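J.: Structure file work_27.csv, CSV, C-alpha atoms, is pasted below:
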```csv
chain,number,residue,atom,x,y,z
A,101,MET,CA,0.0,0.0,0.0
A,102,SER,CA,2.8,2.4,0.9
A,103,GLN,CA,4.0,4.5,-1.9
A,104,PHE,CA,7.8,4.6,-1.7
A,105,HIS,CA,10.4,4.3,-4.4
A,106,VAL,CA,14.2,4.5,-4.3
A,107,LYS,CA,16.1,5.0,-7.6
A,108,ARG,CA,19.8,5.3,-8.0
A,109,LYS,CA,21.9,7.0,-10.6
A,110,ASP,CA,25.7,6.9,-10.8
A,111,VAL,CA,27.5,9.8,-12.5
A,112,ASN,CA,31.3,9.4,-12.5
A,113,ASN,CA,32.2,8.9,-8.9
A,114,VAL,CA,29.0,10.4,-7.4
A,115,SER,CA,25.9,8.4,-6.8
A,116,ILE,CA,22.5,10.1,-6.7
A,117,VAL,CA,19.7,8.5,-4.8
A,118,TYR,CA,16.2,9.6,-5.6
A,119,LEU,CA,13.5,9.1,-2.9
A,120,LYS,CA,9.9,9.3,-3.8
A,121,GLY,CA,6.8,9.1,-1.5
A,122,TYR,CA,6.7,8.4,2.2
A,123,LEU,CA,9.9,7.6,4.2
A,124,ASP,CA,8.7,6.1,7.5
A,125,ALA,CA,9.4,3.1,9.7
A,126,HIS,CA,7.8,0.9,7.0
A,127,THR,CA,9.8,2.1,4.1
A,128,ALA,CA,13.1,3.1,5.8
A,129,PRO,CA,14.6,-0.5,5.3
A,130,GLU,CA,14.4,0.0,1.5
A,131,PHE,CA,16.4,3.2,1.7
A,132,GLU,CA,18.8,1.5,4.1
A,133,LYS,CA,19.4,-1.3,1.6
A,134,THR,CA,20.4,1.2,-1.1
A,135,LEU,CA,22.8,3.0,1.1
A,136,GLN,CA,24.3,-0.3,2.2
A,137,GLU,CA,24.8,-1.3,-1.4
A,138,LEU,CA,26.6,1.9,-2.1
A,139,VAL,CA,28.9,1.5,0.9
A,140,ASP,CA,29.6,-2.1,-0.1
A,141,GLU,CA,30.6,-0.9,-3.5
A,142,ASN,CA,32.7,1.8,-1.9
A,143,ARG,CA,30.7,4.5,-3.7
A,144,VAL,CA,30.6,6.9,-0.8
A,145,LYS,CA,30.1,10.3,-2.5
A,146,ILE,CA,26.3,10.3,-2.3
A,147,VAL,CA,23.7,12.9,-3.1
A,148,VAL,CA,20.1,12.1,-1.9
A,149,ASN,CA,17.6,14.0,-4.0
A,150,LEU,CA,14.4,14.6,-2.0
A,151,SER,CA,12.4,16.6,-4.5
A,152,GLU,CA,9.7,13.9,-4.7
A,153,LEU,CA,9.7,12.9,-1.1
A,154,SER,CA,6.5,14.0,0.5
A,155,TYR,CA,7.0,12.8,4.0
A,156,ILE,CA,9.8,11.8,6.5
A,157,SER,CA,9.6,10.6,10.1
A,158,SER,CA,12.5,10.0,12.5
A,159,ALA,CA,12.7,6.4,11.2
A,160,GLY,CA,13.8,7.9,7.9
A,161,LEU,CA,16.2,10.4,9.5
A,162,GLY,CA,17.6,7.5,11.4
A,163,VAL,CA,18.8,5.9,8.1
A,164,PHE,CA,20.9,9.0,7.4
A,165,MET,CA,22.3,8.9,10.9
A,166,GLY,CA,23.1,5.2,10.7
A,167,PHE,CA,25.4,5.6,7.7
A,168,ILE,CA,27.0,9.0,8.0
A,169,GLU,CA,29.8,8.1,10.3
A,170,ASP,CA,30.9,5.1,8.3
A,171,ILE,CA,30.6,7.0,5.0
A,172,ARG,CA,32.6,10.0,6.3
A,173,ASN,CA,35.3,7.7,7.7
A,174,LYS,CA,35.6,6.4,4.1
A,175,LYS,CA,36.2,10.0,2.9
A,176,GLY,CA,32.7,10.2,1.5
A,177,ASP,CA,29.6,12.2,2.4
A,178,ILE,CA,25.8,12.2,2.1
A,179,LYS,CA,24.6,15.5,0.7
A,180,ILE,CA,21.0,16.4,0.5
A,181,ALA,CA,19.3,18.1,-2.5
A,182,GLU,CA,16.0,19.7,-3.2
A,183,PRO,CA,13.9,18.9,-0.1
A,184,SER,CA,10.4,20.3,0.0
A,185,GLU,CA,9.6,22.9,2.7
A,186,LYS,CA,7.8,20.2,4.7
A,187,VAL,CA,10.6,17.7,4.7
A,188,PHE,CA,13.3,20.4,5.3
A,189,ARG,CA,11.4,21.5,8.4
A,190,VAL,CA,11.8,18.0,9.9
A,191,PHE,CA,15.5,18.1,9.2
A,192,ASP,CA,15.7,21.5,10.7
A,193,LEU,CA,13.7,20.6,13.8
A,194,LEU,CA,16.2,18.0,14.8
A,195,GLY,CA,19.2,20.1,14.0
A,196,PHE,CA,20.2,17.9,11.0
A,197,THR,CA,20.9,21.0,9.0
A,198,VAL,CA,24.1,21.4,11.0
A,199,LEU,CA,25.1,17.8,10.2
A,200,TYR,CA,24.3,17.6,6.5
A,201,GLU,CA,24.9,20.0,3.7
A,202,ILE,CA,21.5,20.8,2.0
A,203,PHE,CA,21.3,22.2,-1.5
A,204,HIS,CA,18.5,23.7,-3.5
A,205,LYS,CA,19.7,22.0,-6.7
A,206,GLU,CA,21.0,18.5,-7.2
A,207,GLU,CA,23.8,19.9,-9.5
A,208,GLU,CA,25.1,22.1,-6.7
A,209,ALA,CA,25.4,19.1,-4.5
A,210,VAL,CA,27.1,17.0,-7.2
A,211,SER,CA,29.5,19.7,-8.1
A,212,LYS,CA,30.5,20.2,-4.5
A,213,TYR,CA,32.2,16.8,-4.7
A,214,SER,CA,34.4,17.8,-7.7
A,215,LYS,CA,35.5,20.9,-5.8
A,216,SER,CA,36.5,19.1,-2.7
B,102,MET,CA,-19.3,26.3,19.0
B,103,ASP,CA,-20.9,23.6,21.1
B,104,ASN,CA,-19.0,22.3,24.1
B,105,LYS,CA,-19.6,18.6,23.4
B,106,THR,CA,-16.5,16.5,22.9
B,107,LYS,CA,-16.5,14.6,19.7
B,108,SER,CA,-14.6,11.3,19.7
B,109,TYR,CA,-13.2,9.2,16.9
B,110,ARG,CA,-11.4,5.9,17.2
B,111,LEU,CA,-9.1,3.7,15.1
B,112,LYS,CA,-8.1,0.3,16.4
B,113,ILE,CA,-5.6,-1.2,14.0
B,114,PRO,CA,-3.0,-4.0,13.9
B,115,SER,CA,0.4,-3.0,15.1
B,116,ARG,CA,2.2,-3.0,11.7
B,117,THR,CA,4.4,-0.5,10.0
B,118,ASP,CA,2.5,-0.8,6.8
B,119,ASN,CA,-0.5,0.7,8.7
B,120,LEU,CA,1.4,3.9,9.5
B,121,GLU,CA,0.2,5.6,6.3
B,122,LEU,CA,-3.4,4.7,7.1
B,123,ILE,CA,-3.0,6.1,10.7
B,124,ARG,CA,-1.5,9.3,9.3
B,125,ASN,CA,-4.4,9.7,6.9
B,126,PHE,CA,-6.9,9.1,9.6
B,127,VAL,CA,-5.4,11.7,11.9
B,128,SER,CA,-4.5,14.3,9.3
B,129,GLY,CA,-8.0,14.0,7.8
B,130,LEU,CA,-9.6,14.9,11.1
B,131,ALA,CA,-7.0,17.7,11.8
B,132,LYS,CA,-7.9,19.2,8.4
B,133,LYS,CA,-11.6,18.9,9.1
B,134,VAL,CA,-11.4,20.9,12.3
B,135,GLY,CA,-9.5,23.7,10.5
B,136,PHE,CA,-5.8,23.4,11.5
B,137,ASP,CA,-3.5,24.9,9.0
B,138,LYS,CA,-1.1,22.9,6.9
B,139,ASP,CA,1.8,23.4,9.2
B,140,ASP,CA,-0.1,22.1,12.2
B,141,ILE,CA,-1.6,19.2,10.3
B,142,ASN,CA,2.0,18.1,9.3
B,143,LYS,CA,3.1,18.4,13.0
B,144,ILE,CA,0.1,16.4,14.3
B,145,GLU,CA,0.6,13.7,11.6
B,146,LEU,CA,4.3,13.3,12.4
B,147,ALA,CA,3.8,13.2,16.2
B,148,VAL,CA,1.2,10.4,15.8
B,149,ASP,CA,3.4,8.5,13.5
B,150,GLU,CA,6.3,8.7,16.0
B,151,ALA,CA,4.0,7.6,18.9
B,152,CYS,CA,2.7,4.6,16.8
B,153,THR,CA,6.2,3.7,15.6
B,154,ASN,CA,7.3,3.5,19.2
B,155,VAL,CA,4.4,1.2,20.0
B,156,ILE,CA,5.1,-1.1,17.1
B,157,GLU,CA,8.8,-1.3,17.7
B,158,HIS,CA,9.2,-1.0,21.5
B,159,ALA,CA,5.9,-1.8,23.2
B,160,TYR,CA,4.9,-4.7,20.9
B,161,ARG,CA,8.4,-5.4,19.6
B,162,ASN,CA,7.1,-6.0,16.1
B,163,ASP,CA,4.4,-8.5,17.2
B,164,GLU,CA,1.9,-7.9,14.3
B,165,GLY,CA,-0.9,-9.8,16.2
B,166,LYS,CA,-1.4,-6.8,18.6
B,167,ASP,CA,-3.5,-3.7,18.2
B,168,ILE,CA,-2.8,0.0,18.5
B,169,ASP,CA,-5.8,1.9,19.8
B,170,ILE,CA,-6.0,5.5,18.6
B,171,VAL,CA,-8.6,7.8,20.0
B,172,ILE,CA,-9.1,11.4,18.9
B,173,LYS,CA,-11.1,13.8,21.0
B,174,ILE,CA,-12.1,17.2,19.6
B,175,ASP,CA,-13.1,19.8,22.2
B,176,TYR,CA,-13.9,23.4,21.6
B,177,ASP,CA,-10.4,24.5,22.4
B,178,LYS,CA,-8.2,21.5,21.6
B,179,PHE,CA,-7.4,18.4,19.6
B,180,THR,CA,-6.3,15.4,21.7
B,181,ILE,CA,-4.8,12.2,20.4
B,182,ILE,CA,-4.5,9.2,22.7
B,183,VAL,CA,-2.3,6.3,21.4
B,184,ALA,CA,-2.7,3.2,23.6
B,185,ASP,CA,-1.2,-0.2,23.6
B,186,GLN,CA,-1.1,-3.3,25.9
B,187,GLY,CA,2.5,-4.1,25.4
B,188,ARG,CA,5.7,-3.6,27.2
B,189,SER,CA,5.6,-0.6,29.5
B,190,ILE,CA,8.1,2.2,29.1
B,191,ASP,CA,9.8,3.4,32.2
B,192,VAL,CA,8.4,6.9,32.4
B,193,ASP,CA,11.2,8.0,34.7
B,194,LYS,CA,13.6,7.2,31.9
B,195,ILE,CA,11.9,9.4,29.4
B,196,LYS,CA,13.7,12.6,29.2
B,197,MET,CA,14.3,15.1,26.5
B,198,PRO,CA,17.5,14.0,24.8
B,199,ASP,CA,20.3,16.6,24.9
B,200,MET,CA,20.3,17.4,21.2
B,201,LYS,CA,23.7,18.9,21.1
B,202,LYS,CA,25.1,15.8,22.7
B,203,TYR,CA,23.0,13.6,20.5
B,204,LEU,CA,24.3,15.3,17.3
B,205,ALA,CA,27.8,15.2,18.5
B,206,GLU,CA,27.7,11.5,19.1
B,207,LEU,CA,25.7,10.8,15.9
B,208,ARG,CA,23.4,8.5,17.8
B,209,VAL,CA,20.7,6.5,16.0
B,210,GLY,CA,17.1,6.3,17.0
B,211,GLY,CA,15.3,7.7,20.0
B,212,LEU,CA,14.3,10.8,18.2
B,213,GLY,CA,10.6,10.1,18.3
B,214,ILE,CA,9.9,11.4,21.9
B,215,TYR,CA,11.9,14.5,21.2
B,216,LEU,CA,9.9,15.2,18.1
B,217,MET,CA,6.5,14.5,19.8
B,218,LYS,CA,7.3,17.0,22.5
B,219,THR,CA,8.5,19.6,20.1
B,220,LEU,CA,5.6,19.2,17.7
B,221,MET,CA,2.7,19.1,20.2
B,222,ASP,CA,1.6,21.5,22.9
B,223,GLU,CA,1.3,18.8,25.6
B,224,VAL,CA,2.6,15.2,25.7
B,225,ASP,CA,2.2,12.9,28.7
B,226,TYR,CA,2.4,9.2,29.4
B,227,ARG,CA,0.2,7.1,31.6
B,228,THR,CA,1.0,3.5,32.2
B,229,ILE,CA,-0.4,0.6,34.2
B,230,PRO,CA,2.5,-1.8,34.0
B,231,GLY,CA,1.8,-4.9,32.1
B,232,LYS,CA,-1.8,-3.8,31.2
B,233,ARG,CA,-1.9,-0.5,29.3
B,234,ASN,CA,0.2,2.3,28.2
B,235,GLU,CA,-1.0,5.5,26.7
B,236,VAL,CA,0.5,8.6,25.3
B,237,ARG,CA,-1.8,11.6,25.2
B,238,MET,CA,-0.9,14.5,22.9
B,239,VAL,CA,-2.7,17.8,22.7
B,240,LYS,CA,-2.7,20.6,20.2
B,241,TYR,CA,-4.7,23.7,21.0
B,242,PHE,CA,-6.6,25.5,18.3
B,243,LEU,CA,-5.3,28.8,19.5
B,244,LYS,CA,-1.5,29.0,19.8
B,245,LYS,CA,-0.2,29.8,23.2
B,246,ASP,CA,0.9,33.3,22.4
B,247,GLU,CA,-2.5,34.1,20.8
B,248,LYS,CA,-4.2,32.9,24.0
B,249,LEU,CA,-2.1,35.2,26.1
B,250,LYS,CA,-2.9,38.1,23.8
B,251,LYS,CA,-6.6,37.2,24.0
B,252,ASN,CA,-6.5,37.1,27.8
B,253,LYS,CA,-4.9,40.5,28.1
```
Can you present the structure in this file as structure tokens?
T.:
Amino acid sequence: MSQFHVKRKDVNNVSIVYLKGYLDAHTAPEFEKTLQELVDENRVKIVVNLSELSYISSAGLGVFMGFIEDIRNKKGDIKIAEPSEKVFRVFDLLGFTVLYEIFHKEEEAVSKYSKS
Amino acid sequence: MDNKTKSYRLKIPSRTDNLELIRNFVSGLAKKVGFDKDDINKIELAVDEACTNVIEHAYRNDEGKDIDIVIKIDYDKFTIIVADQGRSIDVDKIKMPDMKKYLAELRVGGLGIYLMKTLMDEVDYRTIPGKRNEVRMVKYFLKKDEKLKKNK
């Protein structure tokens, strides 16, 4: 019943993950699986595009938290792009805006990797 | 407006795939009573967090159990009671996490209670160990500062 999709696109050494629909305790494992695959393949320069994500709960935010340490230890990062106002507010409420770089446009997040 | 409390109830199996239905039930009623989009989003998220805690902690993912959600609409407030008959939480152990410390340590999970308390005007727990736990969350129709202004 739950509408949630994860799509992945690799561009050179950056992987872009597109989340669509509702990210809650039910759908979080699917997103977790995608991030785990990326870590296993050592593709740790990640941009998560949230433009089509309509909802996030703490279970969804927990997925970001669960991987960030490992990914940064591997010299990678998770950057966030194009969240809606509603989704951004949840990140902001929990102070996640300090922990993650958030970009208005996906290209800005991707190009940040080539600059660093 | 009349002073009679209106009650609505949803008793639903404790499964994460029901979260969407729970959110729709609650946000539908919040919309009906005239909350703005921002408040509807807050109420929806707070209830999701309460139910996720029940599913994962009180019932430990036992899908045979039920979550009992009651919404009461009074003239001045919207109350949501989420009840379960699972494992009790130690109310003394519930405190607001220190967010700075939390973020510094990059800890996982446990954000639900913090969110509920931040999103709603009142949150309290009642528990009869081994029998029933309930979390009661309130959102007032008038924001607190508006109320103060009105009383002046």
J.: Looking at only C-alpha atoms, which of A:Phe188, A:Tyr200, A:Phe131, A:Tyr122 is the one that sits closest to A:Val106?
T.: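 The shortest atom-to-atom distance to A:Val106 comes from A:Phe131.
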J.: For B:Val148, work out the shell of residues within 9 Å, counting only C-alpha atoms and skipping chain neighbours fewer than 3 positions away, then give it as a VMD selection string.
T.: chain B and resid 123 to 124 127 143 to 145 151 to 153 181 183 217 238
J.: Using all atoms listed in the file, pick whichever of B:Leu146, B:Leu120, B:Val155, B:Val134 has the shortest atom-to-atom distance to B:Tyr176.
T.: B:Val134
J.: Give me, please, the distance in Å between atom CA of A:His126 and atom CA of B:Glu121, quoted to one decimal.
T.: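 Atom CA of B:Glu121 lies at a distance of 9.0 Å from atom CA of A:His126.
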J.: Dump as a PyMOL selection string the residues of chain A that approach chain B to within 12 Å, counting all atoms listed in the file.
T.: chain A and resi 101-104+121-129+154-170+172+185-187+189-200
J.: What does the distance from atom CA of A:Phe203 to atom CA of A:Val117 come to in Å, to one decimal?
T.: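 Taking atom CA of A:Phe203 as the start and atom CA of A:Val117 as the end point, the length is 14.2 Å.
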J.: Could you please determine the separation between atom CA of A:Glu201 and atom CA of A:Arg143 in Å, to one decimal place?
T.: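 Pair atom CA of A:Glu201 / atom CA of A:Arg143 returns 18.1 Å.
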J.: With distances taken over all atoms listed in the file, which residue among B:Ser189, B:Thr106, B:Phe126, B:Arg233 lies nearest B:Asp167?
T.: B:Arg233
J.: Give me the residues near A:Val114 as a PDB file with C-alpha atoms, keeping the file's coordinate frame, where near means some atom within 9 Å (using all atoms listed in the file) and where sequence neighbours in that chain fewer than 3 positions away do not count.
T.:
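Resulting contents of selection-v4.pdb:
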```
ATOM      1  CA  LYS A 109      21.900   7.000 -10.600  1.00  0.00           C
ATOM      2  CA  ASP A 110      25.700   6.900 -10.800  1.00  0.00           C
ATOM      3  CA  VAL A 111      27.500   9.800 -12.500  1.00  0.00           C
ATOM      4  CA  ARG A 143      30.700   4.500  -3.700  1.00  0.00           C
ATOM      5  CA  VAL A 144      30.600   6.900  -0.800  1.00  0.00           C
ATOM      6  CA  LYS A 145      30.100  10.300  -2.500  1.00  0.00           C
ATOM      7  CA  ILE A 146      26.300  10.300  -2.300  1.00  0.00           C
ATOM      8  CA  VAL A 147      23.700  12.900  -3.100  1.00  0.00           C
ATOM      9  CA  VAL A 210      27.100  17.000  -7.200  1.00  0.00           C
ATOM     10  CA  TYR A 213      32.200  16.800  -4.700  1.00  0.00           C
TER      11      TYR A 213
END
```
J.: Just give me the residues with any atom within 7 Å of (7.0, -6.4, 24.1), file coordinates, counting all atoms listed in the file, written as an MDAnalysis selection string.
T.: chainID B and resid 158:161 187:188
J.: Of the candidates B:Asp163, B:Asp185, B:Leu243, B:Thr180, which one gets nearest to B:Ile229 if we count all atoms listed in the file?
T.: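 That would be B:Asp185, the residue with the smallest distance to B:Ile229.
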J.: Fewer than 2 positions away in the same chain doesn't count, so skip those; otherwise give me all residues within 9 Å of A:Glu152, counting all atoms listed in the file, as a short mmCIF file (atom, residue, chain, number, x, y, z; two decimals) with C-alpha atoms, in the coordinates of the input.
T.:
```cif
data_model
loop_
_atom_site.label_atom_id
_atom_site.label_comp_id
_atom_site.auth_asym_id
_atom_site.auth_seq_id
_atom_site.Cartn_x
_atom_site.Cartn_y
_atom_site.Cartn_z
CA TYR A 118 16.20 9.60 -5.60
CA LEU A 119 13.50 9.10 -2.90
CA LYS A 120 9.90 9.30 -3.80
CA GLY A 121 6.80 9.10 -1.50
CA ASN A 149 17.60 14.00 -4.00
CA LEU A 150 14.40 14.60 -2.00
CA SER A 154 6.50 14.00 0.50
CA GLU A 182 16.00 19.70 -3.20
CA PRO A 183 13.90 18.90 -0.10
CA SER A 184 10.40 20.30 0.00
#
```
